[in-house]
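*Asks:* One file: run_30.cif (mmCIF, C-alpha atoms).
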data_upload
#
loop_
_atom_site.label_atom_id
_atom_site.label_comp_id
_atom_site.auth_asym_id
_atom_site.auth_seq_id
_atom_site.Cartn_x
_atom_site.Cartn_y
_atom_site.Cartn_z
CA MET A 1 125.52 49.81 25.96
CA ARG A 2 124.46 53.25 27.15
CA TYR A 3 123.15 53.37 30.72
CA SER A 4 120.40 55.84 31.61
CA VAL A 5 119.20 54.61 35.03
CA ILE A 6 121.24 53.09 37.86
CA THR A 7 119.64 51.99 41.13
CA PHE A 8 121.51 51.41 44.37
CA ASP A 9 120.81 49.43 47.50
CA LEU A 10 121.41 51.44 50.69
CA ASP A 11 122.63 49.37 53.65
CA GLY A 12 125.96 47.75 52.92
CA THR A 13 126.21 49.28 49.44
CA LEU A 14 126.14 53.04 49.90
CA VAL A 15 126.40 53.37 53.67
CA ASP A 16 127.80 51.23 56.47
CA THR A 17 124.80 51.27 58.81
CA ALA A 18 125.40 48.08 60.78
CA GLY A 19 126.51 49.92 63.91
CA GLU A 20 123.43 52.13 64.24
CA ILE A 21 121.06 49.25 63.42
CA ALA A 22 122.77 47.02 65.98
CA GLU A 23 122.62 49.77 68.59
CA ALA A 24 118.85 50.10 68.15
CA ALA A 25 118.45 46.31 68.30
CA ASN A 26 120.53 46.05 71.46
CA ARG A 27 118.65 48.89 73.15
CA ALA A 28 115.39 47.09 72.38
CA LEU A 29 116.70 43.75 73.64
CA ALA A 30 117.98 45.34 76.84
CA GLU A 31 114.40 46.31 77.73
CA PHE A 32 113.59 42.59 77.82
CA GLY A 33 116.60 41.59 79.88
CA ILE A 34 118.71 40.33 76.99
CA GLY A 35 122.41 41.18 76.80
CA ARG A 36 124.06 42.99 73.94
CA GLN A 37 124.63 41.03 70.76
CA PRO A 38 127.68 41.48 68.49
CA VAL A 39 127.35 43.91 65.59
CA SER A 40 128.70 41.20 63.30
CA LEU A 41 125.86 38.86 64.27
CA ILE A 42 123.16 41.47 63.70
CA ALA A 43 124.73 42.58 60.41
CA GLY A 44 124.27 39.05 59.12
CA PHE A 45 120.50 39.50 59.31
CA ILE A 46 120.38 42.83 57.44
CA GLY A 47 118.89 42.93 53.97
CA ALA A 48 115.14 42.36 54.00
CA GLY A 49 114.15 45.44 56.02
CA THR A 50 114.51 46.29 59.70
CA ARG A 51 111.40 44.35 60.78
CA GLU A 52 112.64 41.17 59.12
CA MET A 53 116.13 41.76 60.49
CA MET A 54 114.78 41.91 64.02
CA LEU A 55 112.61 38.82 63.53
CA ARG A 56 115.62 36.89 62.26
CA LEU A 57 117.64 38.03 65.26
CA LEU A 58 114.87 36.95 67.64
CA ALA A 59 114.60 33.57 65.92
CA HIS A 60 118.35 33.09 66.35
CA LEU A 61 118.19 34.00 70.04
CA LEU A 62 115.25 31.67 70.67
CA LEU A 63 117.03 28.78 68.96
CA GLU A 64 120.00 29.30 71.26
CA ARG A 65 117.91 29.96 74.39
CA PRO A 66 114.35 28.59 74.06
CA ALA A 67 113.53 29.76 77.59
CA LEU A 68 113.57 33.35 76.30
CA ALA A 69 110.17 32.71 74.72
CA ALA A 70 108.56 33.30 78.11
CA GLN A 71 109.81 36.89 78.26
CA LEU A 72 109.72 37.88 74.59
CA SER A 73 106.73 39.20 72.71
CA PRO A 74 107.95 39.61 69.11
CA GLU A 75 105.51 42.40 68.32
CA ARG A 76 106.49 44.28 71.47
CA VAL A 77 110.19 43.87 70.70
CA LEU A 78 109.58 45.11 67.16
CA GLU A 79 107.74 48.12 68.53
CA ARG A 80 110.62 49.00 70.82
CA PHE A 81 113.16 48.45 68.06
CA ALA A 82 111.25 50.87 65.81
CA PHE A 83 111.33 53.43 68.60
CA HIS A 84 115.06 53.08 69.15
CA TYR A 85 115.92 53.02 65.46
CA GLY A 86 113.98 56.22 65.13
CA VAL A 87 116.66 57.65 67.41
CA THR A 88 119.77 55.93 66.01
CA ALA A 89 118.99 56.00 62.25
CA GLY A 90 121.49 58.31 60.60
CA SER A 91 123.50 58.74 63.78
CA THR A 92 126.66 56.79 63.00
CA GLY A 93 126.26 55.46 59.45
CA VAL A 94 129.16 56.34 57.16
CA PRO A 95 129.19 56.32 53.34
CA TYR A 96 131.67 53.85 51.93
CA PRO A 97 134.87 55.34 50.49
CA GLY A 98 134.24 57.05 47.17
CA CYS A 99 130.47 56.75 47.45
CA ARG A 100 129.59 60.45 47.34
CA ASP A 101 132.01 61.21 44.49
CA ALA A 102 130.75 58.25 42.44
CA LEU A 103 127.12 59.31 42.79
CA ALA A 104 127.94 62.92 41.95
CA THR A 105 129.89 61.85 38.88
CA LEU A 106 127.02 59.73 37.60
CA LYS A 107 124.43 62.41 38.29
CA ASP A 108 126.51 65.12 36.63
CA SER A 109 126.84 62.93 33.54
CA GLY A 110 123.07 62.79 33.15
CA VAL A 111 122.44 59.29 34.50
CA ARG A 112 119.26 59.13 36.60
CA LEU A 113 119.78 57.57 40.03
CA ALA A 114 117.46 55.85 42.48
CA CYS A 115 117.99 54.39 45.93
CA LEU A 116 116.08 51.10 46.13
CA THR A 117 116.14 49.64 49.63
CA ASN A 118 114.15 47.24 51.76
CA LYS A 119 114.65 49.59 54.71
CA GLU A 120 111.46 51.44 55.61
CA LYS A 121 111.43 54.73 53.72
CA ARG A 122 111.31 56.96 56.80
CA PHE A 123 114.51 55.36 58.07
CA ALA A 124 116.14 55.38 54.63
CA THR A 125 115.44 59.08 54.30
CA ARG A 126 116.99 59.74 57.70
CA VAL A 127 120.16 57.89 56.70
CA LEU A 128 120.42 59.61 53.31
CA ASP A 129 119.85 63.04 54.84
CA ALA A 130 122.37 62.46 57.63
CA THR A 131 125.04 61.28 55.19
CA ARG A 132 124.30 64.08 52.70
CA LEU A 133 123.44 61.63 49.93
CA HIS A 134 119.74 62.37 49.49
CA HIS A 135 120.29 65.09 46.88
CA CYS A 136 122.09 62.58 44.65
CA PHE A 137 118.91 60.63 43.96
CA ASP A 138 116.01 61.32 41.64
CA LEU A 139 113.92 58.75 43.53
CA VAL A 140 114.01 56.88 46.84
CA VAL A 141 111.97 53.68 47.19
CA GLY A 142 111.73 52.03 50.60
CA GLY A 143 110.61 48.60 51.65
CA ASP A 144 107.21 49.99 52.59
CA SER A 145 106.75 52.23 49.53
CA LEU A 146 105.16 49.59 47.30
CA PRO A 147 103.01 46.45 47.71
CA HIS A 148 106.15 44.33 47.26
CA LYS A 149 109.81 44.81 48.05
CA LYS A 150 113.07 43.38 46.75
CA PRO A 151 113.59 40.87 45.19
CA HIS A 152 110.17 41.35 43.52
CA ARG A 153 110.64 42.71 40.03
CA SER A 154 107.89 45.30 40.54
CA THR A 155 110.27 47.40 42.63
CA LEU A 156 112.59 48.01 39.68
CA ASP A 157 109.66 48.20 37.26
CA HIS A 158 108.36 51.08 39.37
CA VAL A 159 111.69 52.90 39.30
CA LEU A 160 111.98 52.58 35.53
CA SER A 161 108.40 53.72 35.07
CA VAL A 162 108.95 56.84 37.16
CA LEU A 163 112.37 57.72 35.76
CA GLY A 164 111.62 56.75 32.18
CA GLY A 165 114.28 54.08 31.83
CA GLU A 166 114.45 50.87 29.82
CA THR A 167 115.60 47.53 31.20
CA HIS A 168 118.45 47.13 28.70
CA ARG A 169 119.82 50.52 29.72
CA ALA A 170 119.55 50.04 33.48
CA ALA A 171 121.54 48.37 36.25
CA HIS A 172 121.02 47.69 39.94
CA VAL A 173 123.97 47.79 42.34
CA GLY A 174 123.87 45.93 45.64
CA ASP A 175 125.79 43.91 48.18
CA SER A 176 123.56 40.87 48.59
CA ARG A 177 121.89 37.91 46.91
CA THR A 178 118.60 39.77 47.30
CA ASP A 179 119.93 42.59 45.12
CA VAL A 180 121.23 40.23 42.46
CA GLU A 181 117.88 38.42 42.34
CA THR A 182 116.03 41.73 42.15
CA ALA A 183 118.01 42.80 39.10
CA ARG A 184 117.70 39.46 37.37
CA ASN A 185 113.96 39.28 38.07
CA ALA A 186 113.50 42.67 36.43
CA GLY A 187 115.80 41.99 33.50
CA VAL A 188 118.37 44.69 34.29
CA ALA A 189 122.12 44.32 34.76
CA ALA A 190 122.91 42.78 38.16
CA TRP A 191 125.98 44.51 39.56
CA ALA A 192 127.48 43.94 42.99
CA VAL A 193 130.14 45.18 45.39
CA PRO A 194 132.12 42.68 47.49
CA TYR A 195 131.69 44.43 50.85
CA GLY A 196 128.52 44.98 52.88
CA TYR A 197 126.04 42.52 54.35
CA ASN A 198 125.35 39.24 52.61
CA GLY A 199 124.97 36.86 55.54
CA GLY A 200 128.55 35.66 55.33
CA GLU A 201 128.19 34.49 51.74
CA ALA A 202 130.63 35.71 49.09
CA ILE A 203 128.66 37.85 46.65
CA ALA A 204 130.14 35.95 43.71
CA GLU A 205 128.08 32.93 44.79
CA ALA A 206 124.93 34.88 43.87
CA VAL A 207 126.29 35.10 40.30
CA PRO A 208 125.86 38.81 39.52
CA HIS A 209 126.64 39.93 35.99
CA ARG A 210 129.60 41.86 37.33
CA VAL A 211 131.35 42.52 40.67
CA PHE A 212 132.96 45.94 41.08
CA ARG A 213 135.68 46.72 43.58
CA ASP A 214 133.84 49.83 44.76
CA LEU A 215 131.34 52.47 43.63
CA GLY A 216 134.05 54.53 41.98
CA GLU A 217 134.67 51.62 39.64
CA VAL A 218 130.93 51.44 38.92
CA ALA A 219 130.88 55.11 37.94
CA ALA A 220 133.97 54.75 35.75
CA HIS A 221 132.44 51.78 33.94
CA VAL A 222 129.17 53.61 33.25
CA LEU A 223 130.90 56.74 32.00
CA ALA A 224 133.21 54.73 29.73
CA ALA A 225 130.30 52.76 28.31
CA ASN A 226 128.25 55.89 27.69
CA ALA A 227 131.20 57.70 26.11
CA ALA A 228 131.86 54.75 23.79
CA HIS A 229 128.21 54.71 22.78
CA ALA A 230 128.30 58.44 22.00
CA SER A 231 131.48 58.18 19.94
CA PRO A 232 131.10 58.39 16.13
CA LEU A 233 133.23 55.26 15.93
CA ALA A 234 130.58 53.38 17.88
CA ALA A 235 127.80 54.33 15.46
#
Would you mind giving the structure from this file in C-alpha cells?
*Replies:*
Amino acid sequence: MRYSVITFDLDGTLVDTAGEIAEAANRALAEFGIGRQPVSLIAGFIGAGTREMMLRLLAHLLLERPALAAQLSPERVLERFAFHYGVTAGSTGVPYPGCRDALATLKDSGVRLACLTNKEKRFATRVLDATRLHHCFDLVVGGDSLPHKKPHRSTLDHVLSVLGGETHRAAHVGDSRTDVETARNAGVAAWAVPYGYNGGEAIAEAVPHRVFRDLGEVAAHVLAANAAHASPLAA
C-alpha cells in the first residue's frame, strides 16, 4: 500500500487543547453564576465541535442541578462561550510530543496532509497558527466548512476531491470513535492514537484498523509502506 493523503483530527490528536477550551467554558459559566468545572469533565465532551461540547456540558450541569434552568439560556451561554474561546483559542494548546516532526516528515516525503476537525474553522486556524502547525497542511476543513461534519463521509470525500487522493491510498488519524467512524464511512484506513479525548472510552473499543503509539509511529509506518511500494522487489 502506498499512501498519498493522510488526514488528522486536531483536538486530542495533534494538539492538547483541553485546557484552553475548558478555560473559555468556565469563563462563560462564571457569567451565569456557575462555579468552575474540572478540565477532565469538559474534555470528556470534546469531539463534535465547540458548540456541541458546550451543549453537552450544559446538559450535564442541568441533570445534576435542575434548578439551574432558571438562570441558563443555552443560546446566551453559547454566545458567551464563543466570545471567550475567541480569546483563549491558541493560548495554551500544546502539540503532542513528536507531532511537528511527524507532520514535517510526511510532508517532506510528498504525502499530502489535511487537518479535518469538527472545531469551527476560525478556531482551528487560530490553534494551528499558534502552535506553528498550519504550514504543514495542504488543507484545513472545520466543522462549519461543509454542510456536514464528521463522522459524515462527505468530509473525507471533500478532502480527497481537493487533494486528488483515492480512498485505498488514504488514512484518517484521530483519537475518538467519531474519527474511526468517519474513516470507515468514507472507506479509508481508520487509524487512531490512544491519548486524547474519547469520553473515557478506550479507543480500541471503536475498532480502528490500527492504533499507533504516537504520531511519530504513524509517520514511520507511512514512510515504510511507501518505500516498500517503490522498491523494485515490490513490483
*Asks:* Could you tell me which of A:Val141, A:Pro95, A:Trp191, A:Met54 comes closest to Asp179 of chain A if we count all atoms listed in the file?
*Replies:* A:Trp191
*Asks:* Can you list, as a VMD selection string, every protein, DNA or RNA residue that comes within 9 Å of segment 33-45 of chain A when you count only C-alpha atoms, leaving out same-chain residues fewer than 2 positions away?
*Replies:* chain A and resid 17 to 19 21 to 23 25 to 31 47 to 48 52 to 57 68 71 196 to 200
*Asks:* With a distance cut-off of 7 Å and only C-alpha atoms, select the neighbouring residues of Cys99 of chain A, excluding the residue or stretch itself and same-chain residues fewer than 4 positions from it, and output the selection as a list in words.
*Replies:*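 My reading of the contact set: Leu14, Pro95, Leu103, Leu215 and Gly216 of chain A.
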*Asks:* What does the PyMOL selection byres ((chain A and resi 150-161) around 12) select in this file, as an NGL selection string?
*Replies:* :A and (4-9 or 47-49 or 112-119 or 137-149 or 162-174 or 176-190)
*Asks:* For atom CA of Asp108 of chain A and atom CA of Ala89 of chain A, quote the distance in Å rounded to one decimal.
*Replies:*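 Value for the atom CA of Asp108 of chain A-atom CA of Ala89 of chain A distance: 28.2 Å.
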*Asks:* Evaluate the PyMOL selection byres ((chain A and resi 77) around 9) here and jot the selected residues down as a PyMOL selection string.
*Replies:* chain A and resi 25+28-29+31-32+54+58+72-76+78-82
*Asks:* Could you save the residues just selected, with C-alpha atoms, as an mmCIF file, in the coordinates of the input?
*Replies:*
data_model
loop_
_atom_site.group_PDB
_atom_site.id
_atom_site.type_symbol
_atom_site.label_atom_id
_atom_site.label_comp_id
_atom_site.auth_asym_id
_atom_site.auth_seq_id
_atom_site.Cartn_x
_atom_site.Cartn_y
_atom_site.Cartn_z
ATOM 1 C CA ALA A 25 118.450 46.310 68.300
ATOM 2 C CA ALA A 28 115.390 47.090 72.380
ATOM 3 C CA LEU A 29 116.700 43.750 73.640
ATOM 4 C CA GLU A 31 114.400 46.310 77.730
ATOM 5 C CA PHE A 32 113.590 42.590 77.820
ATOM 6 C CA MET A 54 114.780 41.910 64.020
ATOM 7 C CA LEU A 58 114.870 36.950 67.640
ATOM 8 C CA LEU A 72 109.720 37.880 74.590
ATOM 9 C CA SER A 73 106.730 39.200 72.710
ATOM 10 C CA PRO A 74 107.950 39.610 69.110
ATOM 11 C CA GLU A 75 105.510 42.400 68.320
ATOM 12 C CA ARG A 76 106.490 44.280 71.470
ATOM 13 C CA LEU A 78 109.580 45.110 67.160
ATOM 14 C CA GLU A 79 107.740 48.120 68.530
ATOM 15 C CA ARG A 80 110.620 49.000 70.820
ATOM 16 C CA PHE A 81 113.160 48.450 68.060
ATOM 17 C CA ALA A 82 111.250 50.870 65.810
#
*Asks:* I need segment 37-180 of chain A written out with C-alpha atoms, as a PDB file, in the first residue's frame; please produce it.
*Replies:*
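Saved the output as decode-v5.pdb:
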ATOM      1  CA  GLN A  37     -15.814  22.801  36.255  1.00  0.00           C
ATOM      2  CA  PRO A  38     -12.861  20.380  36.086  1.00  0.00           C
ATOM      3  CA  VAL A  39     -10.876  20.277  32.854  1.00  0.00           C
ATOM      4  CA  SER A  40     -11.240  16.495  32.861  1.00  0.00           C
ATOM      5  CA  LEU A  41     -15.034  16.787  32.857  1.00  0.00           C
ATOM      6  CA  ILE A  42     -15.101  19.277  29.991  1.00  0.00           C
ATOM      7  CA  ALA A  43     -12.556  17.272  27.992  1.00  0.00           C
ATOM      8  CA  GLY A  44     -14.973  14.355  28.049  1.00  0.00           C
ATOM      9  CA  PHE A  45     -17.408  16.365  25.940  1.00  0.00           C
ATOM     10  CA  ILE A  46     -14.886  17.414  23.269  1.00  0.00           C
ATOM     11  CA  GLY A  47     -15.160  15.931  19.798  1.00  0.00           C
ATOM     12  CA  ALA A  48     -18.227  17.175  17.947  1.00  0.00           C
ATOM     13  CA  GLY A  49     -17.307  20.872  17.807  1.00  0.00           C
ATOM     14  CA  THR A  50     -17.247  23.579  20.453  1.00  0.00           C
ATOM     15  CA  ARG A  51     -20.982  24.319  20.236  1.00  0.00           C
ATOM     16  CA  GLU A  52     -21.877  20.675  20.832  1.00  0.00           C
ATOM     17  CA  MET A  53     -19.272  20.435  23.586  1.00  0.00           C
ATOM     18  CA  MET A  54     -20.870  23.327  25.423  1.00  0.00           C
ATOM     19  CA  LEU A  55     -24.384  21.934  24.967  1.00  0.00           C
ATOM     20  CA  ARG A  56     -23.250  18.595  26.380  1.00  0.00           C
ATOM     21  CA  LEU A  57     -21.678  20.363  29.342  1.00  0.00           C
ATOM     22  CA  LEU A  58     -24.871  22.330  29.979  1.00  0.00           C
ATOM     23  CA  ALA A  59     -26.964  19.166  29.764  1.00  0.00           C
ATOM     24  CA  HIS A  60     -24.687  17.529  32.330  1.00  0.00           C
ATOM     25  CA  LEU A  61     -24.960  20.501  34.687  1.00  0.00           C
ATOM     26  CA  LEU A  62     -28.748  20.633  34.372  1.00  0.00           C
ATOM     27  CA  LEU A  63     -29.051  16.920  35.121  1.00  0.00           C
ATOM     28  CA  GLU A  64     -27.051  17.441  38.298  1.00  0.00           C
ATOM     29  CA  ARG A  65     -28.761  20.723  39.255  1.00  0.00           C
ATOM     30  CA  PRO A  66     -32.154  21.143  37.521  1.00  0.00           C
ATOM     31  CA  ALA A  67     -32.693  24.473  39.292  1.00  0.00           C
ATOM     32  CA  LEU A  68     -30.002  25.983  37.051  1.00  0.00           C
ATOM     33  CA  ALA A  69     -32.529  26.015  34.215  1.00  0.00           C
ATOM     34  CA  ALA A  70     -33.989  29.213  35.644  1.00  0.00           C
ATOM     35  CA  GLN A  71     -30.734  31.118  35.151  1.00  0.00           C
ATOM     36  CA  LEU A  72     -29.383  29.494  31.997  1.00  0.00           C
ATOM     37  CA  SER A  73     -30.242  30.447  28.451  1.00  0.00           C
ATOM     38  CA  PRO A  74     -28.352  27.930  26.282  1.00  0.00           C
ATOM     39  CA  GLU A  75     -28.068  30.294  23.332  1.00  0.00           C
ATOM     40  CA  ARG A  76     -26.772  33.077  25.556  1.00  0.00           C
ATOM     41  CA  VAL A  77     -24.239  30.754  27.182  1.00  0.00           C
ATOM     42  CA  LEU A  78     -23.112  29.596  23.736  1.00  0.00           C
ATOM     43  CA  GLU A  79     -22.709  33.201  22.661  1.00  0.00           C
ATOM     44  CA  ARG A  80     -20.536  33.989  25.657  1.00  0.00           C
ATOM     45  CA  PHE A  81     -18.512  30.816  25.193  1.00  0.00           C
ATOM     46  CA  ALA A  82     -17.787  31.792  21.569  1.00  0.00           C
ATOM     47  CA  PHE A  83     -16.602  35.181  22.790  1.00  0.00           C
ATOM     48  CA  HIS A  84     -14.288  33.710  25.396  1.00  0.00           C
ATOM     49  CA  TYR A  85     -12.942  30.986  23.130  1.00  0.00           C
ATOM     50  CA  GLY A  86     -12.127  33.693  20.643  1.00  0.00           C
ATOM     51  CA  VAL A  87      -9.731  34.910  23.328  1.00  0.00           C
ATOM     52  CA  THR A  88      -8.362  31.591  24.622  1.00  0.00           C
ATOM     53  CA  ALA A  89      -8.095  29.607  21.347  1.00  0.00           C
ATOM     54  CA  GLY A  90      -4.424  29.014  20.662  1.00  0.00           C
ATOM     55  CA  SER A  91      -3.361  30.437  24.009  1.00  0.00           C
ATOM     56  CA  THR A  92      -2.234  27.330  25.882  1.00  0.00           C
ATOM     57  CA  GLY A  93      -2.672  24.408  23.473  1.00  0.00           C
ATOM     58  CA  VAL A  94       0.473  22.313  23.052  1.00  0.00           C
ATOM     59  CA  PRO A  95       1.272  19.883  20.212  1.00  0.00           C
ATOM     60  CA  TYR A  96       1.691  16.336  21.423  1.00  0.00           C
ATOM     61  CA  PRO A  97       5.270  15.039  21.574  1.00  0.00           C
ATOM     62  CA  GLY A  98       6.658  14.334  18.119  1.00  0.00           C
ATOM     63  CA  CYS A  99       3.698  15.916  16.347  1.00  0.00           C
ATOM     64  CA  ARG A 100       5.566  18.633  14.444  1.00  0.00           C
ATOM     65  CA  ASP A 101       8.388  16.307  13.370  1.00  0.00           C
ATOM     66  CA  ALA A 102       5.944  13.633  12.206  1.00  0.00           C
ATOM     67  CA  LEU A 103       3.978  16.079  10.071  1.00  0.00           C
ATOM     68  CA  ALA A 104       7.156  17.560   8.598  1.00  0.00           C
ATOM     69  CA  THR A 105       8.469  14.097   7.763  1.00  0.00           C
ATOM     70  CA  LEU A 106       5.266  13.136   5.978  1.00  0.00           C
ATOM     71  CA  LYS A 107       5.060  16.416   4.093  1.00  0.00           C
ATOM     72  CA  ASP A 108       8.705  16.261   3.021  1.00  0.00           C
ATOM     73  CA  SER A 109       8.117  12.744   1.680  1.00  0.00           C
ATOM     74  CA  GLY A 110       5.408  14.010  -0.657  1.00  0.00           C
ATOM     75  CA  VAL A 111       2.344  12.850   1.268  1.00  0.00           C
ATOM     76  CA  ARG A 112      -0.475  15.412   1.141  1.00  0.00           C
ATOM     77  CA  LEU A 113      -1.853  16.334   4.557  1.00  0.00           C
ATOM     78  CA  ALA A 114      -5.177  17.737   5.736  1.00  0.00           C
ATOM     79  CA  CYS A 115      -6.487  18.725   9.143  1.00  0.00           C
ATOM     80  CA  LEU A 116     -10.091  17.519   9.420  1.00  0.00           C
ATOM     81  CA  THR A 117     -11.741  18.745  12.600  1.00  0.00           C
ATOM     82  CA  ASN A 118     -15.215  19.367  13.966  1.00  0.00           C
ATOM     83  CA  LYS A 119     -13.902  22.539  15.597  1.00  0.00           C
ATOM     84  CA  GLU A 120     -15.141  25.659  13.837  1.00  0.00           C
ATOM     85  CA  LYS A 121     -12.571  26.636  11.211  1.00  0.00           C
ATOM     86  CA  ARG A 122     -11.808  30.076  12.657  1.00  0.00           C
ATOM     87  CA  PHE A 123     -10.851  28.463  15.960  1.00  0.00           C
ATOM     88  CA  ALA A 124      -8.961  25.627  14.275  1.00  0.00           C
ATOM     89  CA  THR A 125      -6.923  28.134  12.304  1.00  0.00           C
ATOM     90  CA  ARG A 126      -6.083  30.034  15.479  1.00  0.00           C
ATOM     91  CA  VAL A 127      -4.833  26.855  17.152  1.00  0.00           C
ATOM     92  CA  LEU A 128      -2.803  25.735  14.138  1.00  0.00           C
ATOM     93  CA  ASP A 129      -1.241  29.176  13.727  1.00  0.00           C
ATOM     94  CA  ALA A 130      -0.398  29.476  17.423  1.00  0.00           C
ATOM     95  CA  THR A 131       1.229  26.038  17.508  1.00  0.00           C
ATOM     96  CA  ARG A 132       3.082  26.613  14.215  1.00  0.00           C
ATOM     97  CA  LEU A 133       1.411  23.644  12.548  1.00  0.00           C
ATOM     98  CA  HIS A 134      -0.653  25.423   9.903  1.00  0.00           C
ATOM     99  CA  HIS A 135       2.099  25.318   7.268  1.00  0.00           C
ATOM    100  CA  CYS A 136       2.177  21.518   7.496  1.00  0.00           C
ATOM    101  CA  PHE A 137      -1.261  21.167   5.920  1.00  0.00           C
ATOM    102  CA  ASP A 138      -2.390  21.396   2.323  1.00  0.00           C
ATOM    103  CA  LEU A 139      -5.988  21.790   3.508  1.00  0.00           C
ATOM    104  CA  VAL A 140      -7.859  22.608   6.716  1.00  0.00           C
ATOM    105  CA  VAL A 141     -11.528  21.617   6.999  1.00  0.00           C
ATOM    106  CA  GLY A 142     -13.506  22.785  10.023  1.00  0.00           C
ATOM    107  CA  GLY A 143     -16.817  21.688  11.425  1.00  0.00           C
ATOM    108  CA  ASP A 144     -18.516  24.628   9.746  1.00  0.00           C
ATOM    109  CA  SER A 145     -16.719  24.362   6.386  1.00  0.00           C
ATOM    110  CA  LEU A 146     -19.155  21.915   4.785  1.00  0.00           C
ATOM    111  CA  PRO A 147     -22.869  21.038   5.031  1.00  0.00           C
ATOM    112  CA  HIS A 148     -21.942  18.041   7.197  1.00  0.00           C
ATOM    113  CA  LYS A 149     -19.170  17.290   9.650  1.00  0.00           C
ATOM    114  CA  LYS A 150     -17.516  14.161  10.998  1.00  0.00           C
ATOM    115  CA  PRO A 151     -18.498  11.329  11.026  1.00  0.00           C
ATOM    116  CA  HIS A 152     -20.277  12.039   7.708  1.00  0.00           C
ATOM    117  CA  ARG A 153     -18.308  10.538   4.851  1.00  0.00           C
ATOM    118  CA  SER A 154     -18.652  13.711   2.778  1.00  0.00           C
ATOM    119  CA  THR A 155     -15.984  15.377   4.909  1.00  0.00           C
ATOM    120  CA  LEU A 156     -13.308  12.944   3.765  1.00  0.00           C
ATOM    121  CA  ASP A 157     -14.771  12.786   0.257  1.00  0.00           C
ATOM    122  CA  HIS A 158     -14.221  16.549   0.076  1.00  0.00           C
ATOM    123  CA  VAL A 159     -10.612  16.269   1.214  1.00  0.00           C
ATOM    124  CA  LEU A 160      -9.826  13.568  -1.338  1.00  0.00           C
ATOM    125  CA  SER A 161     -11.537  15.542  -4.079  1.00  0.00           C
ATOM    126  CA  VAL A 162      -9.492  18.657  -3.328  1.00  0.00           C
ATOM    127  CA  LEU A 163      -6.165  16.899  -2.799  1.00  0.00           C
ATOM    128  CA  GLY A 164      -6.608  14.334  -5.549  1.00  0.00           C
ATOM    129  CA  GLY A 165      -6.414  11.242  -3.378  1.00  0.00           C
ATOM    130  CA  GLU A 166      -8.015   7.815  -3.628  1.00  0.00           C
ATOM    131  CA  THR A 167      -9.706   6.024  -0.749  1.00  0.00           C
ATOM    132  CA  HIS A 168      -7.421   2.975  -0.904  1.00  0.00           C
ATOM    133  CA  ARG A 169      -4.384   5.245  -0.598  1.00  0.00           C
ATOM    134  CA  ALA A 170      -5.679   7.407   2.241  1.00  0.00           C
ATOM    135  CA  ALA A 171      -5.946   7.215   6.024  1.00  0.00           C
ATOM    136  CA  HIS A 172      -7.546   9.309   8.744  1.00  0.00           C
ATOM    137  CA  VAL A 173      -5.867   9.629  12.147  1.00  0.00           C
ATOM    138  CA  GLY A 174      -7.860  10.537  15.240  1.00  0.00           C
ATOM    139  CA  ASP A 175      -8.363   9.996  18.935  1.00  0.00           C
ATOM    140  CA  SER A 176     -12.076   9.229  19.104  1.00  0.00           C
ATOM    141  CA  ARG A 177     -14.889   6.948  17.987  1.00  0.00           C
ATOM    142  CA  THR A 178     -16.084   9.803  15.782  1.00  0.00           C
ATOM    143  CA  ASP A 179     -12.806   9.704  13.867  1.00  0.00           C
ATOM    144  CA  VAL A 180     -12.895   5.944  13.445  1.00  0.00           C
TER     145      VAL A 180
END
